file my_file_35.cif (mmCIF, C-alpha atoms)
data_target
loop_
_atom_site.label_atom_id
_atom_site.label_comp_id
_atom_site.auth_asym_id
_atom_site.auth_seq_id
_atom_site.Cartn_x
_atom_site.Cartn_y
_atom_site.Cartn_z
CA MET U 1 0.00 0.00 0.00
CA ASN U 2 1.33 3.46 -0.90
CA LYS U 3 1.88 5.89 1.92
CA THR U 4 0.04 9.21 1.86
CA ARG U 5 2.51 11.93 0.85
CA ILE U 6 2.16 14.92 3.13
CA GLY U 7 3.96 18.23 2.89
CA TYR U 8 4.43 19.61 6.39
CA ALA U 9 5.27 23.32 6.39
CA LEU U 10 6.25 25.53 9.34
CA THR U 11 5.99 29.29 9.31
CA GLY U 12 7.12 31.69 12.03
CA SER U 13 4.57 31.38 14.83
CA PHE U 14 7.34 30.04 17.03
CA CYS U 15 5.23 29.74 20.19
CA THR U 16 3.33 26.83 18.58
CA PHE U 17 6.36 24.88 17.37
CA SER U 18 6.21 22.39 20.25
CA GLN U 19 2.57 21.62 19.41
CA THR U 20 3.14 21.27 15.68
CA MET U 21 6.23 19.11 16.18
CA GLU U 22 4.17 16.76 18.35
CA GLN U 23 1.73 16.35 15.45
CA LEU U 24 4.62 15.72 13.08
CA ARG U 25 5.91 13.00 15.42
CA GLN U 26 2.49 11.36 15.39
CA LEU U 27 2.36 11.47 11.59
CA ALA U 28 5.81 9.89 11.41
CA ALA U 29 4.72 7.15 13.82
CA GLN U 30 1.74 6.45 11.55
CA GLU U 31 4.18 6.09 8.64
CA TRP U 32 3.02 8.95 6.45
CA ASP U 33 5.53 9.95 3.74
CA ILE U 34 6.54 13.39 5.06
CA PHE U 35 8.06 16.20 3.01
CA PRO U 36 9.29 18.88 5.46
CA ILE U 37 9.06 22.54 4.41
CA MET U 38 10.03 25.70 6.30
CA SER U 39 9.61 29.40 5.62
CA PHE U 40 12.72 31.56 5.54
CA ASN U 41 12.00 32.79 9.07
CA ALA U 42 11.24 29.36 10.50
CA TYR U 43 14.41 27.95 8.95
CA ASN U 44 16.74 30.75 10.08
CA THR U 45 15.44 32.13 13.38
CA ASP U 46 16.41 31.05 16.88
CA THR U 47 13.89 32.08 19.55
CA ARG U 48 13.15 31.45 23.20
CA PHE U 49 11.02 28.54 21.94
CA GLY U 50 14.00 26.75 20.43
CA LYS U 51 16.86 26.86 17.98
CA ALA U 52 16.13 26.63 14.27
CA ALA U 53 18.81 23.95 13.85
CA GLY U 54 17.03 21.73 16.39
CA PHE U 55 13.70 21.93 14.57
CA ILE U 56 15.40 21.33 11.22
CA GLU U 57 17.25 18.31 12.55
CA GLU U 58 14.11 16.78 14.04
CA MET U 59 12.05 17.37 10.89
CA GLU U 60 14.75 15.72 8.80
CA GLN U 61 15.07 12.76 11.18
CA LEU U 62 11.31 12.20 11.28
CA SER U 63 10.88 12.47 7.52
CA GLY U 64 14.14 11.05 6.24
CA LYS U 65 14.28 14.03 3.86
CA THR U 66 16.08 17.37 3.71
CA VAL U 67 13.90 20.35 4.67
CA ILE U 68 12.66 22.34 1.69
CA HIS U 69 13.62 25.90 2.60
CA THR U 70 14.15 27.80 -0.65
CA ILE U 71 11.82 28.89 -3.41
CA ASP U 72 13.77 26.81 -5.94
CA GLN U 73 13.30 23.69 -3.81
CA ALA U 74 9.55 24.32 -3.40
CA GLU U 75 8.74 24.96 -7.07
CA PRO U 76 8.75 21.29 -8.24
CA ILE U 77 6.07 20.29 -5.72
CA GLY U 78 3.26 20.97 -8.19
CA PRO U 79 4.79 19.99 -11.53
CA GLN U 80 6.11 16.72 -10.10
CA LYS U 81 2.89 16.08 -8.12
CA LEU U 82 4.98 15.30 -5.05
CA LEU U 83 2.20 15.59 -2.44
CA ASP U 84 -1.28 14.27 -1.74
CA VAL U 85 -1.90 16.93 0.92
CA LEU U 86 -0.01 19.98 2.20
CA VAL U 87 -0.25 21.21 5.79
CA VAL U 88 0.86 24.66 6.95
CA ALA U 89 1.19 24.40 10.71
CA PRO U 90 1.50 26.96 12.09
CA CYS U 91 0.09 29.34 9.50
CA THR U 92 0.89 32.93 10.50
CA GLY U 93 -1.13 36.04 9.69
CA ASN U 94 1.61 37.02 7.26
CA THR U 95 1.28 33.71 5.41
CA LEU U 96 -2.54 33.94 5.45
CA GLY U 97 -2.31 37.39 3.84
CA LYS U 98 0.09 36.21 1.18
CA LEU U 99 -2.00 33.14 0.35
CA ALA U 100 -5.22 35.15 0.19
CA ASN U 101 -3.61 37.63 -2.19
CA GLY U 102 -1.62 35.27 -4.40
CA ILE U 103 1.82 36.32 -3.14
CA THR U 104 4.34 33.50 -3.50
CA ASP U 105 7.62 34.88 -2.21
CA THR U 106 8.49 32.26 0.42
CA PRO U 107 9.11 28.51 0.20
CA VAL U 108 5.81 27.85 1.99
CA THR U 109 3.62 30.15 -0.12
CA LEU U 110 5.17 28.81 -3.33
CA ALA U 111 4.69 25.24 -2.10
CA VAL U 112 0.98 25.99 -1.54
CA LYS U 113 0.57 27.62 -4.95
CA SER U 114 2.46 24.83 -6.68
CA HIS U 115 0.47 22.13 -4.87
CA LEU U 116 -2.94 23.77 -5.49
CA ARG U 117 -2.39 23.68 -9.26
CA ASN U 118 -3.12 19.95 -9.02
CA GLY U 119 -6.45 20.45 -7.23
CA ARG U 120 -5.18 18.79 -4.07
CA PRO U 121 -5.95 19.81 -0.47
CA VAL U 122 -4.10 22.34 1.65
CA VAL U 123 -4.74 22.35 5.41
CA LEU U 124 -4.03 25.54 7.38
CA ALA U 125 -3.44 25.59 11.15
CA VAL U 126 -3.91 29.27 11.97
CA SER U 127 -1.80 30.90 14.66
CA THR U 128 -1.87 34.68 14.70
CA ASN U 129 -2.49 37.50 17.16
CA ASP U 130 -4.61 39.41 14.62
CA ALA U 131 -6.94 36.65 13.39
CA LEU U 132 -10.03 38.51 14.63
CA SER U 133 -8.84 41.88 13.33
CA ASN U 134 -6.69 42.50 10.26
CA SER U 135 -6.21 38.82 9.31
CA ALA U 136 -9.94 38.04 9.56
CA LYS U 137 -10.54 39.13 5.96
CA ASN U 138 -7.78 36.81 4.76
CA ILE U 139 -9.17 33.85 6.70
CA GLY U 140 -12.61 34.58 5.20
CA ALA U 141 -11.18 34.81 1.69
CA LEU U 142 -9.32 31.54 2.08
CA MET U 143 -12.38 29.77 3.48
CA ASN U 144 -14.05 30.51 0.14
CA ASN U 145 -11.23 28.90 -1.86
CA ARG U 146 -11.56 25.42 -3.21
CA ASN U 147 -9.13 22.88 -1.74
CA ILE U 148 -8.27 25.05 1.29
CA TYR U 149 -9.21 23.51 4.66
CA PHE U 150 -8.68 24.64 8.23
CA VAL U 151 -7.71 22.92 11.45
CA PRO U 152 -10.35 23.87 14.06
CA MET U 153 -9.32 27.03 15.88
CA GLY U 154 -10.29 29.32 18.72
CA GLN U 155 -9.19 32.23 20.83
CA ASP U 156 -6.18 31.33 22.90
CA SER U 157 -6.42 34.20 25.43
CA CYS U 158 -9.66 36.13 24.97
CA ASN U 159 -8.95 38.55 27.83
CA GLY U 160 -5.24 39.07 27.32
CA LYS U 161 -5.19 38.93 23.50
CA PRO U 162 -8.78 39.39 22.30
CA THR U 163 -8.01 39.12 18.56
CA SER U 164 -5.61 36.17 18.83
CA VAL U 165 -6.56 32.75 17.45
CA VAL U 166 -4.66 29.47 17.46
CA ALA U 167 -5.44 26.12 15.86
CA ASP U 168 -6.38 23.18 18.04
CA PHE U 169 -3.33 21.13 17.09
CA SER U 170 -4.90 17.98 18.57
CA GLN U 171 -7.34 18.16 15.64
CA LEU U 172 -4.65 18.48 12.95
CA ILE U 173 -4.53 14.84 11.88
CA PRO U 174 -8.35 14.46 11.80
CA ALA U 175 -8.49 17.72 9.76
CA VAL U 176 -5.97 16.28 7.29
CA ARG U 177 -7.93 13.04 6.96
CA SER U 178 -11.15 15.02 6.33
CA ALA U 179 -9.42 17.23 3.75
CA LEU U 180 -8.20 14.15 1.89
CA GLU U 181 -11.87 13.17 1.63
CA GLY U 182 -12.79 16.66 0.39
CA ARG U 183 -14.50 17.68 3.64
CA GLN U 184 -13.87 20.50 6.11
CA ILE U 185 -13.75 19.08 9.63
CA GLN U 186 -16.41 20.65 11.85
CA PRO U 187 -16.77 22.71 13.87
CA ILE U 188 -14.11 25.06 12.52
CA LEU U 189 -14.49 27.44 15.46
CA ARG U 190 -14.15 26.08 18.96
CA VAL U 191 -15.17 27.84 22.13
#
call {"tool": "encode", "arguments": {"input": "my_file_35.cif", "output": "C-alpha cells"}}
result
Amino acid sequence: MNKTRIGYALTGSFCTFSQTMEQLRQLAAQEWDIFPIMSFNAYNTDTRFGKAAGFIEEMEQLSGKTVIHTIDQAEPIGPQKLLDVLVVAPCTGNTLGKLANGITDTPVTLAVKSHLRNGRPVVLAVSTNDALSNSAKNIGALMNNRNIYFVPMGQDSCNGKPTSVVADFSQLIPAVRSALEGRQIQPILRV
C-alpha cells in the first residue's frame, strides 16, 4: 500500500512549534511519507522557543528528507505532483495574507501555490495574534477557496489577547484526513 505523501510546512509562529512538532511526530509514527518545508524565518530564526537547527534536525530525522527551505526547492512540488496533501502548521497572519492575495515569495507560499495547481488539499493551522482583526478578511477569503481547509481554531487568550486565534493542534490529523476526503472538519471554530 502506498503511503500518503504529506507536505508539512512551518511558518514563524514560534510559540506553537512544540505543538506542531508533536503532530509531526504522530504522523511519522503512523508512517506517512513526510516532506518537510520551512519558511525563511522558521528555517533561520532562533527564539526562546527553540533553535532553528534543532527543529530542522528533528524534521529531517522524522521524515528522512532534507527540509525544503528555498523557493527553488519548493517549485517542483506541483509539476512533479509530489504531495497528496499539504499542511501549513503553524500558518501565520503574514502567510494567510500572502496566500489570500496570491503572493508566492516564500518557500511555503510557493509550495501551496504549486500544490494547489493539481487540485489537491491544503490544510491551514492558523496561529496569529490578529486573526479577529486584520487577518480576519484573509481567513474569510481563504475559506471561500476550493481545496483550502482549516484545522479547528479558537481564541487562545480572549482577555489578554482578544483578537488572537490558534489552531487546536490535537485536531490536525483528523483535519488532514477530512481534507483528503474533500470535507472540512467541523466545527471550525471552537469555544
call {"tool": "residues_near_point", "arguments": {"input": "my_file_35.cif", "point": "(-4.3, 34.8, -3.2)", "cutoff": "10 Å", "atoms": "only C-alpha atoms", "output": "PyMOL selection string"}}
result
chain U and resi 96-104+109+113+138+141-142+145
call {"tool": "residues_around", "arguments": {"input": "my_file_35.cif", "residues": "Thr92 (chain U)", "least_positions_apart": "2", "cutoff": "6 Å", "atoms": "only C-alpha atoms", "output": "ChimeraX atom specification"}}
result
/U:13,94-95,127-128
call {"tool": "resolve_selection", "arguments": {"input": "my_file_35.cif", "expression": "the PyMOL selection byres ((chain U and resi 54) around 12)", "output": "number ranges by chain"}}
result
U: 17-18, 21, 42-47, 49-53, 55-61
call {"tool": "closest_residue", "arguments": {"input": "my_file_35.cif", "among": "U:Leu27, U:Ala111, U:Cys158, U:Thr163", "to": "Ser133 (chain U)", "atoms": "all atoms listed in the file"}}
result
U:Thr163
call {"tool": "residues_around", "arguments": {"input": "my_file_35.cif", "residues": "region 166-174 of chain U", "least_positions_apart": "6", "cutoff": "12 Å", "atoms": "all atoms listed in the file", "output": "ChimeraX atom specification"}}
result
/U:6,8,13,15-28,30,32,85-93,122-132,149-158,180-181,183-191
call {"tool": "write_last_selection", "arguments": {"input": "my_file_35.cif", "atoms": "C-alpha atoms", "output": "short mmCIF file (atom, residue, chain, number, x, y, z; two decimals), in the coordinates of the input"}}
result
data_model
loop_
_atom_site.label_atom_id
_atom_site.label_comp_id
_atom_site.auth_asym_id
_atom_site.auth_seq_id
_atom_site.Cartn_x
_atom_site.Cartn_y
_atom_site.Cartn_z
CA ILE U 6 2.16 14.92 3.13
CA TYR U 8 4.43 19.61 6.39
CA SER U 13 4.57 31.38 14.83
CA CYS U 15 5.23 29.74 20.19
CA THR U 16 3.33 26.83 18.58
CA PHE U 17 6.36 24.88 17.37
CA SER U 18 6.21 22.39 20.25
CA GLN U 19 2.57 21.62 19.41
CA THR U 20 3.14 21.27 15.68
CA MET U 21 6.23 19.11 16.18
CA GLU U 22 4.17 16.76 18.35
CA GLN U 23 1.73 16.35 15.45
CA LEU U 24 4.62 15.72 13.08
CA ARG U 25 5.91 13.00 15.42
CA GLN U 26 2.49 11.36 15.39
CA LEU U 27 2.36 11.47 11.59
CA ALA U 28 5.81 9.89 11.41
CA GLN U 30 1.74 6.45 11.55
CA TRP U 32 3.02 8.95 6.45
CA VAL U 85 -1.90 16.93 0.92
CA LEU U 86 -0.01 19.98 2.20
CA VAL U 87 -0.25 21.21 5.79
CA VAL U 88 0.86 24.66 6.95
CA ALA U 89 1.19 24.40 10.71
CA PRO U 90 1.50 26.96 12.09
CA CYS U 91 0.09 29.34 9.50
CA THR U 92 0.89 32.93 10.50
CA GLY U 93 -1.13 36.04 9.69
CA VAL U 122 -4.10 22.34 1.65
CA VAL U 123 -4.74 22.35 5.41
CA LEU U 124 -4.03 25.54 7.38
CA ALA U 125 -3.44 25.59 11.15
CA VAL U 126 -3.91 29.27 11.97
CA SER U 127 -1.80 30.90 14.66
CA THR U 128 -1.87 34.68 14.70
CA ASN U 129 -2.49 37.50 17.16
CA ASP U 130 -4.61 39.41 14.62
CA ALA U 131 -6.94 36.65 13.39
CA LEU U 132 -10.03 38.51 14.63
CA TYR U 149 -9.21 23.51 4.66
CA PHE U 150 -8.68 24.64 8.23
CA VAL U 151 -7.71 22.92 11.45
CA PRO U 152 -10.35 23.87 14.06
CA MET U 153 -9.32 27.03 15.88
CA GLY U 154 -10.29 29.32 18.72
CA GLN U 155 -9.19 32.23 20.83
CA ASP U 156 -6.18 31.33 22.90
CA SER U 157 -6.42 34.20 25.43
CA CYS U 158 -9.66 36.13 24.97
CA LEU U 180 -8.20 14.15 1.89
CA GLU U 181 -11.87 13.17 1.63
CA ARG U 183 -14.50 17.68 3.64
CA GLN U 184 -13.87 20.50 6.11
CA ILE U 185 -13.75 19.08 9.63
CA GLN U 186 -16.41 20.65 11.85
CA PRO U 187 -16.77 22.71 13.87
CA ILE U 188 -14.11 25.06 12.52
CA LEU U 189 -14.49 27.44 15.46
CA ARG U 190 -14.15 26.08 18.96
CA VAL U 191 -15.17 27.84 22.13
#
call {"tool": "residues_around", "arguments": {"input": "my_file_35.cif", "residues": "Pro107 (chain U)", "least_positions_apart": "5", "cutoff": "7 Å", "atoms": "all atoms listed in the file", "output": "list in words"}}
result
Met38, Ser39, His69, Thr70, Ile71 and Ala74 of chain U
call {"tool": "residues_around", "arguments": {"input": "my_file_35.cif", "residues": "Lys81 (chain U)", "least_positions_apart": "6", "cutoff": "9 Å", "atoms": "only C-alpha atoms", "output": "list in words"}}
result
Ser114, His115 and Asn118 of chain U
call {"tool": "residues_around", "arguments": {"input": "my_file_35.cif", "residues": "Pro36 (chain U)", "least_positions_apart": "5", "cutoff": "8 Å", "atoms": "all atoms listed in the file", "output": "ChimeraX atom specification"}}
result
/U:7-9,59-60,63,65-68
call {"tool": "write_last_selection", "arguments": {"input": "my_file_35.cif", "atoms": "C-alpha atoms", "output": "PDB file, keeping the file's coordinate frame"}}
result
ATOM      1  CA  GLY U   7       3.960  18.230   2.890  1.00  0.00           C
ATOM      2  CA  TYR U   8       4.430  19.610   6.390  1.00  0.00           C
ATOM      3  CA  ALA U   9       5.270  23.320   6.390  1.00  0.00           C
ATOM      4  CA  MET U  59      12.050  17.370  10.890  1.00  0.00           C
ATOM      5  CA  GLU U  60      14.750  15.720   8.800  1.00  0.00           C
ATOM      6  CA  SER U  63      10.880  12.470   7.520  1.00  0.00           C
ATOM      7  CA  LYS U  65      14.280  14.030   3.860  1.00  0.00           C
ATOM      8  CA  THR U  66      16.080  17.370   3.710  1.00  0.00           C
ATOM      9  CA  VAL U  67      13.900  20.350   4.670  1.00  0.00           C
ATOM     10  CA  ILE U  68      12.660  22.340   1.690  1.00  0.00           C
TER      11      ILE U  68
END
call {"tool": "atom_distance", "arguments": {"input": "my_file_35.cif", "atom1": "CA of Gly78 (chain U)", "atom2": "CA of Gly64 (chain U)"}}
result
20.6 Å
call {"tool": "atom_distance", "arguments": {"input": "my_file_35.cif", "atom1": "CA of Ala179 (chain U)", "atom2": "CA of Asn144 (chain U)"}}
result
14.5 Å
call {"tool": "atom_distance", "arguments": {"input": "my_file_35.cif", "atom1": "CA of Val108 (chain U)", "atom2": "CA of Pro162 (chain U)"}}
result
27.5 Å
call {"tool": "closest_residue", "arguments": {"input": "my_file_35.cif", "among": "U:Ile37, U:Leu83, U:Val176, U:Ile139", "to": "Arg5 (chain U)", "atoms": "only C-alpha atoms"}}
result
U:Leu83
call {"tool": "closest_residue", "arguments": {"input": "my_file_35.cif", "among": "U:Ala175, U:Ile77, U:Ala136, U:Met143", "to": "Leu116 (chain U)", "atoms": "all atoms listed in the file"}}
result
U:Ile77
call {"tool": "closest_residue", "arguments": {"input": "my_file_35.cif", "among": "U:Gly140, U:Phe40, U:Val165, U:Asn159", "to": "Asp105 (chain U)", "atoms": "only C-alpha atoms"}}
result
U:Phe40
